[in-house]
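Novice: Take a look at this one; I'll ask things after.
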Amino acid sequence: MYELQFFATDDADWAQRVDLIDDATNLPLATAGVLFELEVSESGARRLFATTADNSIEIPEPGTIQWRFSVPQLAALDIRNTYRVGCRMTNGTGTTQLFTGTLAFVGGGFGS
């Protein structure tokens with residue numbers, strides 16, 4: 001498991017791509033047929049959620065996941081806050097935490 005840092009602003013979509021490498025083989029992680037879930041939370045309360053089950057997390061190529069939260073979706077967050085991020089995968093052998101981390105959410109400087 002890894003600890004990652006993410007950054008987003010209130011005036012642009014948060015689009016992120018993460019390459020996943022299998023620690024045992026050093027090759028792209030097998031992603032076919034795997035359920036991926038990403039949660040952004042604050043004090044245990046879910047603020048944003050994405051999953052491959054509804055295609056809000058996409059697998060553009062083996063070993064890669066990506067997501068996009070639109071500006072209206074990001075309205076669930078408060079600027080100048082930092083949120084917890086967690087991503088897990090579920091496959092035929094169980095559920096594995098891929099990474100945890102933080103999302104710093106700041107004002108982007110556009111608008112009022």
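Chain labels run A, B, ... following the order of the structure tokens; each chain numbers its residues from 1, and ligands are numbered from 1 in the order shown.
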If you run DSSP on this backbone, which residues of range 32-103 of chain A come out as helix (DSSP H, G or I), and could you give them as a VMD selection string?
Specialist: chain A and resid 52 to 54 71 to 74
Novice: Next, the residues of the selection above should be written as an mmCIF file, in the first residue's frame with C-alpha atoms.
Specialist:
data_model
loop_
_atom_site.group_PDB
_atom_site.id
_atom_site.type_symbol
_atom_site.label_atom_id
_atom_site.label_comp_id
_atom_site.auth_asym_id
_atom_site.auth_seq_id
_atom_site.Cartn_x
_atom_site.Cartn_y
_atom_site.Cartn_z
ATOM 1 C CA THR A 52 -15.621 0.900 -11.839
ATOM 2 C CA ALA A 53 -19.114 -0.506 -11.129
ATOM 3 C CA ASP A 54 -20.678 2.684 -12.531
ATOM 4 C CA VAL A 71 -16.602 21.202 -10.676
ATOM 5 C CA PRO A 72 -20.242 20.681 -9.534
ATOM 6 C CA GLN A 73 -19.260 17.407 -7.830
ATOM 7 C CA LEU A 74 -16.343 19.127 -6.108
#
Novice: Just list the residues in range 2-109 of chain A DSSP gives strand (DSSP E) on the backbone, as a PyMOL selection string.
Specialist: chain A and resi 2-9+14-19+35-42+45-51+57-61+64-69+81-91+94-106
Novice: Calculated over only C-alpha atoms, which of the candidates A:Gln66, A:Asn91, A:Thr25, A:Thr82 has the smallest distance to Phe6 in chain A?
Specialist: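 Checking each candidate against Phe6 in chain A, we get A:Thr82 as the closest.
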Novice: Excluding same-chain residues fewer than 4 positions from Ala15 in chain A, what lies within 8 Å of it counting only C-alpha atoms, as a list in words?
Specialist: Gln66, Trp67, Arg68 and Phe69 of chain A
Novice: Quick one: pull the distance between CA of Leu27 in chain A and CA of Gly101 in chain A, Å, one decimal.
Specialist: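 The value is 22.8 Å.
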Novice: Show me, as a PyMOL selection string, the residues that have an atom within 10 Å of Thr96 in chain A when counting only C-alpha atoms, minus same-chain residues fewer than 4 positions from it.
Specialist: chain A and resi 1+36+87-91
Novice: Would you mind exporting C-alpha atoms of the selected residues as a compact mmCIF listing (two decimals), in the first residue's frame?
Specialist:
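Written output follows (again-v3.txt):
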# COMPACT_ATOMS: atom_id res chain seq x y z
CA MET A 1 0.00 0.00 0.00
CA PHE A 36 -11.94 -0.46 -8.01
CA CYS A 87 -8.61 3.34 -3.04
CA ARG A 88 -9.22 -0.38 -2.88
CA MET A 89 -9.65 -3.21 -5.33
CA THR A 90 -11.72 -6.36 -5.10
CA ASN A 91 -10.94 -9.37 -7.26
Novice: So how far away is CA of Ser70 in chain A from CA of Trp14 in chain A, in Å?
Specialist: 6.5 Å
Novice: Between A:Gly109, A:Asp11, A:Pro28, A:Gln5, single out the one closest to Ile65 in chain A, counting only C-alpha atoms.
Specialist: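 Of all the options, A:Pro28 lies closest to Ile65 in chain A.
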Novice: Rank A:Arg47, A:Ala104, A:Gly94, A:Gly63 by their smallest atom-to-atom distance to Ala76 in chain A, using only C-alpha atoms, and report the top residue only.
Specialist: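 For Ala76 in chain A, the nearest of the candidates is A:Arg47.
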Novice: Using only C-alpha atoms, which residues sit within 8 Å of Gly108 in chain A once same-chain residues fewer than 2 positions away are excluded, as a ChimeraX atom specification?
Specialist: /A:9-12,106,110
Novice: Select, from A:Glu39, A:Asp78, A:Glu58, A:Asp19, the residue with the minimum atom-to-atom distance to Gln97 in chain A, counting only C-alpha atoms.
Specialist: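 Among the listed residues, A:Glu39 lies closest to Gln97 in chain A.
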Novice: In Å to one decimal, how far is CA of Thr31 in chain A from CA of Glu61 in chain A?
Specialist: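 Calculated distance between CA of Glu61 in chain A and CA of Thr31 in chain A is 8.5 Å.
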Novice: Which one of A:Val18, A:Leu48, A:Ala8, A:Val34 sits closest to Arg80 in chain A if you count only C-alpha atoms?
Specialist: A:Ala8
Novice: Using only C-alpha atoms, which residue out of A:Gln16, A:Ala32, A:Thr93, A:Glu42 lies closest to Ser56 in chain A?
Specialist: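 Looking only at the distances to Ser56 in chain A, the closest residue turns out to be A:Gln16.
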